[in-house]
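Visitor: Below: one structure in structure tokens.
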Amino acid sequence: MKNYRYELHFHTSEVSGCAKVPAAEAVLRYHRLGYAGVVVTDHYYQGLFAKMPYPTWPEKVSAYLSGFERARSVGEQNGMTVLLGMEIRFPENNNDYLVYGISRDFLLGQPELQDLTLKTFQAVAREHGLLVYQAHPFRNTMTVMHPHLLDGLETVNGNPRHDARNNIAALWASQHGLSGIAGSDFHQIGDEGLAGIDTTEPIRNNQDLLNILKSQSYTLYTG
């Protein structure tokens with residue numbers, strides 16, 4: 001039976017200031033590793049949009065999507081699925097949340113997302129059928145959130161420069177009935193392929209991804 005591997009936590013240097021690799025190069029690196037696809041989860045927070053030199057919200061959204069659009073173009077040329085996600089942070093604390101199922105139209109219609117709290121954002125996410133997972137929930141400076149505000153946790157975070165305490169995240173998820181996901185947290189060369197999910201069915205679009213995640217029809221991969 002064929003397996004398909006996907007990266008769920010992936011940053012581009014076009015958008016995420018902490019990332020060091022342009023989207024095109026990053027996608028090609030994953031292609032060489034045999035990944036079937038990646039979800040681009042560039043950082044999304046108040047400061048990012050405040051410093052953009054664009055007067056209108058549609059222009060800001062286009063700038064935010066620049067890394068994704070480049071990644072998608074290269075992915076299509078190489079037979080890879082590239083989907084849009086985000087890693088959002090709210091002003092209430094230092095937590096980060098991986099969000100799946102979003103689109104350009106969704107972002108264009110929600111100019112206030114970065115100003116919300118997890119609780120108010122989760123109401124929007126549920127209205128639009130999105131899934132929200134707390135990224136690296138036990139890294140230093142993170143705040144443990146109530147399980148009912150989350151769809152799951154990133155129980156395997158592959159970033160080699162931070163202690164994500166993945167074992168604690170996995171235990172917490174198990175105790176509270178939350179599903180776990182895995183991602184490399186790709187920022188720079190050497191981060192690629194450190195984690196992900198393996199599926200027996202291909203993921204071609206957002207709905208496929210949401211169905212796979214909801215049914216937990218995947219296994220966690222750690223490089």
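Each chain in the structure tokens gets a letter, A, B, ..., in the order shown, and its residues are numbered from 1; ligands are numbered from 1 in order too.
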Considering only C-alpha atoms, return as an MDAnalysis selection string whatever protein or nucleic-acid residues lie within 9 Å of Leu113 (chain A), sequence-local ones (same chain, fewer than 3 positions apart) excluded.
Guide: chainID A and resid 44:46 88 90 107 110 116:117 121 124
Visitor: So that I have them on file, write out the residues from the current selection with N, CA and C atoms, as a short mmCIF file (atom, residue, chain, number, x, y, z; two decimals), in the first residue's frame.
Guide:
data_model
loop_
_atom_site.label_atom_id
_atom_site.label_comp_id
_atom_site.auth_asym_id
_atom_site.auth_seq_id
_atom_site.Cartn_x
_atom_site.Cartn_y
_atom_site.Cartn_z
N TYR A 44 1.31 34.72 11.44
CA TYR A 44 0.19 35.64 11.24
C TYR A 44 -0.07 36.32 12.59
N TYR A 45 0.23 37.62 12.68
CA TYR A 45 0.11 38.30 13.98
C TYR A 45 0.02 39.80 13.73
N GLN A 46 -0.31 40.55 14.78
CA GLN A 46 -0.56 41.98 14.64
C GLN A 46 0.62 42.71 14.00
N ILE A 88 -0.98 31.31 13.70
CA ILE A 88 -1.49 32.58 14.19
C ILE A 88 -1.17 32.76 15.67
N PHE A 90 -2.18 35.48 18.97
CA PHE A 90 -3.09 36.53 19.43
C PHE A 90 -2.41 37.37 20.51
N LEU A 107 -9.45 34.89 4.36
CA LEU A 107 -8.62 35.96 4.91
C LEU A 107 -9.12 37.33 4.49
N GLN A 110 -11.88 38.49 6.75
CA GLN A 110 -11.66 38.47 8.21
C GLN A 110 -10.45 39.34 8.58
N LEU A 116 -7.92 39.04 17.75
CA LEU A 116 -8.84 38.27 18.57
C LEU A 116 -8.13 37.57 19.72
N THR A 117 -8.88 36.80 20.48
CA THR A 117 -8.34 35.85 21.45
C THR A 117 -8.58 34.45 20.89
N PHE A 121 -11.54 33.55 18.31
CA PHE A 121 -11.12 32.99 17.03
C PHE A 121 -11.72 31.61 16.81
N VAL A 124 -15.01 31.70 15.20
CA VAL A 124 -14.90 31.94 13.76
C VAL A 124 -14.46 30.67 13.04
#
Visitor: Considering only C-alpha atoms, return as a list of chain:residue names whatever protein or nucleic-acid residues lie within 9 Å of Leu65 (chain A), sequence-local ones (same chain, fewer than 2 positions apart) excluded.
Guide: A:Glu14, A:Val15, A:Asp42, A:Lys60, A:Val61, A:Ser62, A:Ala63, A:Gly67, A:Phe68, A:Glu69, A:Arg70, A:Leu84, A:Arg104
Visitor: Among chain A, which residues does DSSP mark as strand (DSSP E or B) when it is run on the backbone? Keep the chain and numbering as in the structure and answer as a compact mmCIF listing (two decimals) with all heavy atoms, in the first residue's frame.
Guide:
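Everything below was put into result_15.txt:
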# COMPACT_ATOMS: atom_id res chain seq x y z
N TYR A 4 1.69 8.37 1.67
CA TYR A 4 1.91 9.74 1.26
C TYR A 4 2.33 10.55 2.49
O TYR A 4 1.68 10.46 3.54
CB TYR A 4 0.63 10.34 0.66
CG TYR A 4 0.07 9.57 -0.50
CD1 TYR A 4 -0.79 8.48 -0.29
CD2 TYR A 4 0.41 9.91 -1.81
CE1 TYR A 4 -1.31 7.77 -1.36
CE2 TYR A 4 -0.12 9.19 -2.88
CZ TYR A 4 -0.97 8.13 -2.65
OH TYR A 4 -1.49 7.41 -3.71
N ARG A 5 3.37 11.31 2.35
CA ARG A 5 3.89 12.08 3.51
C ARG A 5 3.66 13.57 3.29
O ARG A 5 3.93 14.12 2.21
CB ARG A 5 5.37 11.78 3.71
CG ARG A 5 5.99 12.49 4.93
CD ARG A 5 7.30 11.83 5.30
NE ARG A 5 7.03 10.46 5.77
CZ ARG A 5 7.96 9.51 5.85
NH1 ARG A 5 9.21 9.77 5.49
NH2 ARG A 5 7.64 8.32 6.29
N TYR A 6 3.20 14.24 4.35
CA TYR A 6 2.88 15.67 4.28
C TYR A 6 3.50 16.43 5.44
O TYR A 6 3.51 15.95 6.59
CB TYR A 6 1.36 15.87 4.28
CG TYR A 6 0.70 15.24 3.08
CD1 TYR A 6 0.22 13.94 3.13
CD2 TYR A 6 0.61 15.94 1.87
CE1 TYR A 6 -0.35 13.34 2.00
CE2 TYR A 6 0.03 15.36 0.75
CZ TYR A 6 -0.44 14.05 0.83
OH TYR A 6 -1.00 13.47 -0.29
N GLU A 7 3.97 17.61 5.12
CA GLU A 7 4.50 18.55 6.11
C GLU A 7 3.39 19.49 6.53
O GLU A 7 2.74 20.12 5.67
CB GLU A 7 5.67 19.34 5.50
CG GLU A 7 6.21 20.45 6.38
CD GLU A 7 6.78 19.91 7.68
OE1 GLU A 7 7.88 19.32 7.64
OE2 GLU A 7 6.11 20.06 8.73
N LEU A 8 3.17 19.62 7.84
CA LEU A 8 2.08 20.45 8.35
C LEU A 8 2.54 21.76 8.98
O LEU A 8 1.70 22.55 9.43
CB LEU A 8 1.25 19.67 9.37
CG LEU A 8 0.55 18.41 8.87
CD1 LEU A 8 -0.29 17.80 10.00
CD2 LEU A 8 -0.31 18.69 7.65
N HIS A 9 3.86 22.01 9.03
CA HIS A 9 4.37 23.20 9.72
C HIS A 9 5.58 23.71 8.94
O HIS A 9 6.69 23.20 9.10
CB HIS A 9 4.73 22.84 11.16
CG HIS A 9 4.94 24.01 12.07
ND1 HIS A 9 4.91 23.89 13.45
CD2 HIS A 9 5.19 25.32 11.81
CE1 HIS A 9 5.13 25.07 13.99
NE2 HIS A 9 5.31 25.96 13.00
N PHE A 10 5.35 24.73 8.09
CA PHE A 10 6.30 25.10 7.06
C PHE A 10 6.28 26.61 6.85
O PHE A 10 5.22 27.19 6.58
CB PHE A 10 5.88 24.36 5.78
CG PHE A 10 6.65 24.65 4.53
CD1 PHE A 10 7.64 23.79 4.09
CD2 PHE A 10 6.34 25.76 3.74
CE1 PHE A 10 8.31 24.04 2.89
CE2 PHE A 10 7.00 26.01 2.56
CZ PHE A 10 8.00 25.13 2.13
N GLY A 37 3.40 16.53 -0.21
CA GLY A 37 2.89 17.89 -0.12
C GLY A 37 3.29 18.58 1.17
O GLY A 37 3.83 17.96 2.09
N VAL A 38 3.01 19.88 1.21
CA VAL A 38 3.28 20.69 2.40
C VAL A 38 2.10 21.63 2.61
O VAL A 38 1.39 21.99 1.66
CB VAL A 38 4.58 21.51 2.27
CG1 VAL A 38 5.78 20.61 2.03
CG2 VAL A 38 4.47 22.57 1.17
N VAL A 39 1.91 22.03 3.85
CA VAL A 39 0.97 23.10 4.18
C VAL A 39 1.80 24.30 4.63
O VAL A 39 2.57 24.20 5.59
CB VAL A 39 -0.01 22.68 5.30
CG1 VAL A 39 -1.02 23.80 5.54
CG2 VAL A 39 -0.72 21.38 4.94
N VAL A 40 1.66 25.40 3.92
CA VAL A 40 2.41 26.61 4.25
C VAL A 40 1.72 27.30 5.43
O VAL A 40 0.56 27.70 5.34
CB VAL A 40 2.48 27.56 3.04
CG1 VAL A 40 3.20 28.85 3.42
CG2 VAL A 40 3.18 26.88 1.87
N HIS A 43 3.76 32.80 9.68
CA HIS A 43 3.30 33.48 10.89
C HIS A 43 2.28 34.57 10.55
O HIS A 43 2.40 35.26 9.53
CB HIS A 43 4.49 34.09 11.63
CG HIS A 43 5.39 33.07 12.24
ND1 HIS A 43 5.03 32.33 13.34
CD2 HIS A 43 6.63 32.65 11.89
CE1 HIS A 43 6.02 31.50 13.65
NE2 HIS A 43 7.00 31.67 12.78
N TYR A 44 1.31 34.72 11.44
CA TYR A 44 0.19 35.64 11.24
C TYR A 44 -0.07 36.32 12.59
O TYR A 44 -0.51 35.66 13.54
CB TYR A 44 -1.03 34.83 10.79
CG TYR A 44 -2.18 35.60 10.18
CD1 TYR A 44 -2.38 35.58 8.80
CD2 TYR A 44 -3.09 36.30 10.96
CE1 TYR A 44 -3.45 36.24 8.21
CE2 TYR A 44 -4.16 36.97 10.38
CZ TYR A 44 -4.33 36.93 9.01
OH TYR A 44 -5.41 37.59 8.43
N THR A 81 1.25 18.60 -3.67
CA THR A 81 0.15 19.39 -3.14
C THR A 81 0.71 20.44 -2.20
O THR A 81 1.47 20.13 -1.28
CB THR A 81 -0.83 18.49 -2.37
OG1 THR A 81 -1.41 17.54 -3.27
CG2 THR A 81 -1.94 19.32 -1.74
N VAL A 82 0.35 21.70 -2.42
CA VAL A 82 0.74 22.78 -1.51
C VAL A 82 -0.54 23.50 -1.09
O VAL A 82 -1.25 24.06 -1.93
CB VAL A 82 1.72 23.76 -2.17
CG1 VAL A 82 2.03 24.92 -1.21
CG2 VAL A 82 3.01 23.05 -2.56
N LEU A 83 -0.83 23.45 0.20
CA LEU A 83 -2.06 24.03 0.75
C LEU A 83 -1.75 25.21 1.65
O LEU A 83 -0.64 25.35 2.16
CB LEU A 83 -2.83 22.97 1.53
CG LEU A 83 -3.27 21.74 0.74
CD1 LEU A 83 -4.00 20.76 1.65
CD2 LEU A 83 -4.16 22.12 -0.44
N LEU A 84 -2.76 26.04 1.85
CA LEU A 84 -2.61 27.23 2.68
C LEU A 84 -3.09 26.96 4.10
O LEU A 84 -4.23 26.53 4.33
CB LEU A 84 -3.42 28.39 2.08
CG LEU A 84 -3.43 29.69 2.89
CD1 LEU A 84 -2.02 30.26 3.01
CD2 LEU A 84 -4.38 30.70 2.24
N GLY A 85 -2.21 27.24 5.05
CA GLY A 85 -2.57 27.25 6.47
C GLY A 85 -2.00 28.52 7.08
O GLY A 85 -1.62 29.46 6.37
N MET A 86 -1.93 28.57 8.37
CA MET A 86 -1.28 29.69 9.04
C MET A 86 -0.85 29.28 10.44
O MET A 86 -1.35 28.29 11.01
CB MET A 86 -2.20 30.91 9.13
CG MET A 86 -3.37 30.76 10.08
SD MET A 86 -4.18 32.34 10.42
CE MET A 86 -5.61 32.25 9.38
N GLU A 87 0.11 30.02 10.97
CA GLU A 87 0.46 29.89 12.39
C GLU A 87 0.15 31.25 13.01
O GLU A 87 0.90 32.20 12.86
CB GLU A 87 1.94 29.53 12.57
CG GLU A 87 2.30 29.30 14.04
CD GLU A 87 3.72 28.83 14.25
OE1 GLU A 87 4.50 28.80 13.28
OE2 GLU A 87 4.06 28.48 15.40
N ILE A 88 -0.98 31.31 13.70
CA ILE A 88 -1.49 32.58 14.19
C ILE A 88 -1.17 32.76 15.67
O ILE A 88 -1.14 31.80 16.44
CB ILE A 88 -3.02 32.69 13.94
CG1 ILE A 88 -3.51 34.11 14.16
CG2 ILE A 88 -3.80 31.68 14.78
CD1 ILE A 88 -4.93 34.34 13.65
N TYR A 97 -0.79 28.97 17.08
CA TYR A 97 -1.79 27.97 16.70
C TYR A 97 -1.71 27.70 15.21
O TYR A 97 -1.72 28.63 14.40
CB TYR A 97 -3.20 28.45 17.08
CG TYR A 97 -3.31 28.81 18.53
CD1 TYR A 97 -3.14 30.13 18.95
CD2 TYR A 97 -3.54 27.84 19.50
CE1 TYR A 97 -3.21 30.48 20.28
CE2 TYR A 97 -3.61 28.18 20.84
CZ TYR A 97 -3.44 29.49 21.23
OH TYR A 97 -3.50 29.83 22.56
N LEU A 98 -1.63 26.44 14.85
CA LEU A 98 -1.66 26.02 13.46
C LEU A 98 -3.11 25.86 13.03
O LEU A 98 -3.88 25.15 13.68
CB LEU A 98 -0.90 24.71 13.29
CG LEU A 98 0.60 24.80 13.60
CD1 LEU A 98 1.20 23.40 13.76
CD2 LEU A 98 1.32 25.59 12.51
N VAL A 99 -3.47 26.52 11.93
CA VAL A 99 -4.85 26.53 11.47
C VAL A 99 -4.90 25.95 10.05
O VAL A 99 -4.11 26.35 9.18
CB VAL A 99 -5.43 27.96 11.46
CG1 VAL A 99 -6.90 27.94 11.05
CG2 VAL A 99 -5.27 28.59 12.85
N TYR A 100 -5.83 25.03 9.83
CA TYR A 100 -5.95 24.35 8.54
C TYR A 100 -7.35 24.57 7.96
O TYR A 100 -8.33 24.61 8.69
CB TYR A 100 -5.67 22.86 8.71
CG TYR A 100 -4.31 22.61 9.32
CD1 TYR A 100 -4.17 22.16 10.63
CD2 TYR A 100 -3.14 22.87 8.59
CE1 TYR A 100 -2.92 21.96 11.20
CE2 TYR A 100 -1.89 22.66 9.15
CZ TYR A 100 -1.79 22.22 10.45
OH TYR A 100 -0.55 22.03 11.01
N LEU A 131 -9.79 23.85 11.40
CA LEU A 131 -9.25 23.11 12.53
C LEU A 131 -8.08 23.88 13.13
O LEU A 131 -7.26 24.45 12.40
CB LEU A 131 -8.78 21.72 12.09
CG LEU A 131 -9.89 20.77 11.62
CD1 LEU A 131 -9.28 19.45 11.13
CD2 LEU A 131 -10.90 20.50 12.73
N VAL A 132 -8.01 23.87 14.48
CA VAL A 132 -7.03 24.67 15.20
C VAL A 132 -6.24 23.78 16.16
O VAL A 132 -6.83 23.14 17.05
CB VAL A 132 -7.72 25.80 16.01
CG1 VAL A 132 -6.68 26.66 16.73
CG2 VAL A 132 -8.59 26.65 15.09
N TYR A 133 -4.93 23.76 15.99
CA TYR A 133 -4.04 22.95 16.83
C TYR A 133 -3.01 23.88 17.47
O TYR A 133 -2.40 24.70 16.79
CB TYR A 133 -3.29 21.91 15.99
CG TYR A 133 -4.18 20.87 15.35
CD1 TYR A 133 -4.96 21.18 14.23
CD2 TYR A 133 -4.24 19.58 15.86
CE1 TYR A 133 -5.79 20.24 13.65
CE2 TYR A 133 -5.06 18.63 15.28
CZ TYR A 133 -5.84 18.96 14.17
OH TYR A 133 -6.65 18.02 13.59
N GLN A 134 -2.80 23.72 18.78
CA GLN A 134 -1.76 24.54 19.40
C GLN A 134 -0.39 24.00 19.01
O GLN A 134 -0.10 22.82 19.15
CB GLN A 134 -1.90 24.56 20.92
CG GLN A 134 -0.91 25.55 21.57
CD GLN A 134 -1.16 25.78 23.04
OE1 GLN A 134 -2.16 25.31 23.60
NE2 GLN A 134 -0.28 26.52 23.68
N GLY A 152 -6.75 20.00 18.62
CA GLY A 152 -5.65 19.09 18.88
C GLY A 152 -4.39 19.85 19.23
O GLY A 152 -4.39 21.08 19.37
N LEU A 153 -3.31 19.10 19.36
CA LEU A 153 -2.01 19.66 19.70
C LEU A 153 -0.96 19.18 18.71
O LEU A 153 -1.05 18.07 18.19
CB LEU A 153 -1.57 19.23 21.10
CG LEU A 153 -2.44 19.57 22.30
CD1 LEU A 153 -1.81 18.98 23.56
CD2 LEU A 153 -2.60 21.08 22.45
N GLU A 154 0.05 20.00 18.50
CA GLU A 154 1.24 19.54 17.79
C GLU A 154 2.07 18.76 18.80
O GLU A 154 2.80 19.33 19.60
CB GLU A 154 2.01 20.73 17.23
CG GLU A 154 3.18 20.31 16.35
CD GLU A 154 3.98 21.50 15.85
OE1 GLU A 154 4.28 22.40 16.67
OE2 GLU A 154 4.30 21.52 14.65
N THR A 155 1.93 17.45 18.78
CA THR A 155 2.62 16.61 19.76
C THR A 155 4.03 16.24 19.32
O THR A 155 4.81 15.74 20.13
CB THR A 155 1.81 15.33 20.04
OG1 THR A 155 1.56 14.65 18.81
CG2 THR A 155 0.49 15.68 20.72
N VAL A 156 4.33 16.45 18.05
CA VAL A 156 5.70 16.28 17.56
C VAL A 156 6.08 17.54 16.80
O VAL A 156 5.56 17.81 15.72
CB VAL A 156 5.84 15.06 16.62
CG1 VAL A 156 7.27 14.98 16.08
CG2 VAL A 156 5.47 13.78 17.34
N ASN A 157 6.96 18.34 17.39
CA ASN A 157 7.50 19.52 16.73
C ASN A 157 8.99 19.24 16.51
O ASN A 157 9.74 18.99 17.45
CB ASN A 157 7.32 20.76 17.59
CG ASN A 157 7.94 22.00 16.97
OD1 ASN A 157 9.14 22.25 17.08
ND2 ASN A 157 7.12 22.81 16.31
N SER A 179 -6.42 15.12 19.51
CA SER A 179 -5.58 14.46 18.52
C SER A 179 -4.24 15.18 18.42
O SER A 179 -4.13 16.38 18.69
CB SER A 179 -6.27 14.45 17.16
OG SER A 179 -6.54 15.76 16.71
N GLY A 180 -3.22 14.43 18.03
CA GLY A 180 -1.89 14.98 17.88
C GLY A 180 -1.47 15.01 16.42
O GLY A 180 -1.84 14.13 15.64
N ILE A 181 -0.71 16.05 16.07
CA ILE A 181 -0.15 16.14 14.73
C ILE A 181 1.36 16.35 14.85
O ILE A 181 1.88 16.64 15.94
CB ILE A 181 -0.77 17.28 13.90
CG1 ILE A 181 -0.58 18.62 14.60
CG2 ILE A 181 -2.24 16.99 13.63
CD1 ILE A 181 -1.00 19.81 13.73
N ALA A 182 2.05 16.21 13.72
CA ALA A 182 3.51 16.36 13.70
C ALA A 182 3.92 17.28 12.58
O ALA A 182 3.34 17.26 11.48
CB ALA A 182 4.17 14.99 13.52
N GLY A 183 4.93 18.11 12.84
CA GLY A 183 5.46 19.01 11.81
C GLY A 183 6.91 19.33 12.08
O GLY A 183 7.36 19.35 13.23
N PHE A 186 9.59 23.98 9.82
CA PHE A 186 10.68 24.31 8.90
C PHE A 186 10.93 25.81 8.83
O PHE A 186 10.03 26.59 8.51
CB PHE A 186 10.33 23.79 7.49
CG PHE A 186 11.34 24.18 6.46
CD1 PHE A 186 12.51 23.45 6.30
CD2 PHE A 186 11.13 25.29 5.65
CE1 PHE A 186 13.46 23.82 5.35
CE2 PHE A 186 12.07 25.66 4.70
CZ PHE A 186 13.24 24.93 4.56
N ALA A 195 9.71 15.89 10.49
CA ALA A 195 8.44 15.36 11.00
C ALA A 195 7.37 15.53 9.94
O ALA A 195 7.59 16.13 8.89
CB ALA A 195 8.04 16.06 12.30
N GLY A 196 6.18 15.01 10.22
CA GLY A 196 5.07 15.12 9.29
C GLY A 196 4.03 14.05 9.60
O GLY A 196 4.07 13.39 10.64
N ILE A 197 3.08 13.90 8.69
CA ILE A 197 2.10 12.83 8.82
C ILE A 197 2.15 11.95 7.57
O ILE A 197 2.43 12.42 6.47
CB ILE A 197 0.66 13.36 9.03
CG1 ILE A 197 0.18 14.20 7.83
CG2 ILE A 197 0.56 14.13 10.34
CD1 ILE A 197 -1.31 14.52 7.87
N ASP A 198 1.90 10.66 7.77
CA ASP A 198 1.81 9.70 6.67
C ASP A 198 0.36 9.26 6.53
O ASP A 198 -0.31 8.97 7.53
CB ASP A 198 2.68 8.48 6.95
CG ASP A 198 4.16 8.76 6.82
OD1 ASP A 198 4.53 9.74 6.15
OD2 ASP A 198 4.97 8.00 7.40
N THR A 199 -0.11 9.22 5.29
CA THR A 199 -1.48 8.80 5.01
C THR A 199 -1.47 7.71 3.94
O THR A 199 -0.50 7.58 3.19
CB THR A 199 -2.33 9.97 4.51
OG1 THR A 199 -1.91 10.34 3.20
CG2 THR A 199 -2.21 11.17 5.45
N THR A 219 -0.65 8.56 10.42
CA THR A 219 0.32 8.22 11.45
C THR A 219 1.34 9.35 11.52
O THR A 219 1.60 10.04 10.52
CB THR A 219 1.03 6.89 11.19
OG1 THR A 219 1.66 6.94 9.90
CG2 THR A 219 0.03 5.75 11.23
N LEU A 220 1.93 9.55 12.68
CA LEU A 220 2.92 10.59 12.87
C LEU A 220 4.28 10.10 12.40
O LEU A 220 4.69 8.98 12.70
CB LEU A 220 3.00 11.01 14.33
CG LEU A 220 1.70 11.48 14.99
CD1 LEU A 220 1.97 11.95 16.42
CD2 LEU A 220 1.03 12.58 14.18
N TYR A 221 4.97 10.97 11.67
CA TYR A 221 6.32 10.66 11.19
C TYR A 221 7.31 11.54 11.91
O TYR A 221 7.12 12.75 12.00
CB TYR A 221 6.42 10.88 9.68
CG TYR A 221 7.85 10.92 9.19
CD1 TYR A 221 8.60 9.74 9.10
CD2 TYR A 221 8.46 12.11 8.84
CE1 TYR A 221 9.92 9.76 8.68
CE2 TYR A 221 9.78 12.15 8.41
CZ TYR A 221 10.49 10.97 8.33
OH TYR A 221 11.81 11.00 7.91
N THR A 222 8.37 10.94 12.42
CA THR A 222 9.48 11.70 12.99
C THR A 222 10.75 11.26 12.30
O THR A 222 11.08 10.06 12.28
CB THR A 222 9.60 11.46 14.50
OG1 THR A 222 9.75 10.06 14.77
CG2 THR A 222 8.37 11.98 15.23
Visitor: Near Gln207 (chain A), counting only C-alpha atoms, which residues have an atom at most 10 Å away, once you skip same-chain residues fewer than 5 positions from it, shown as a count of residues only?
Guide: 6
Visitor: Could you name the residues that touch His128 (chain A) at 9 Å or less, counting only C-alpha atoms, but leaving out those on the same chain fewer than 5 positions away, as a count of residues only?
Guide: 4
Visitor: Would you compute the distance between CA of Asp96 (chain A) and CA of Gln114 (chain A)? Give it in Å to one decimal.
Guide: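 Distance between the two atoms: 11.4 Å.
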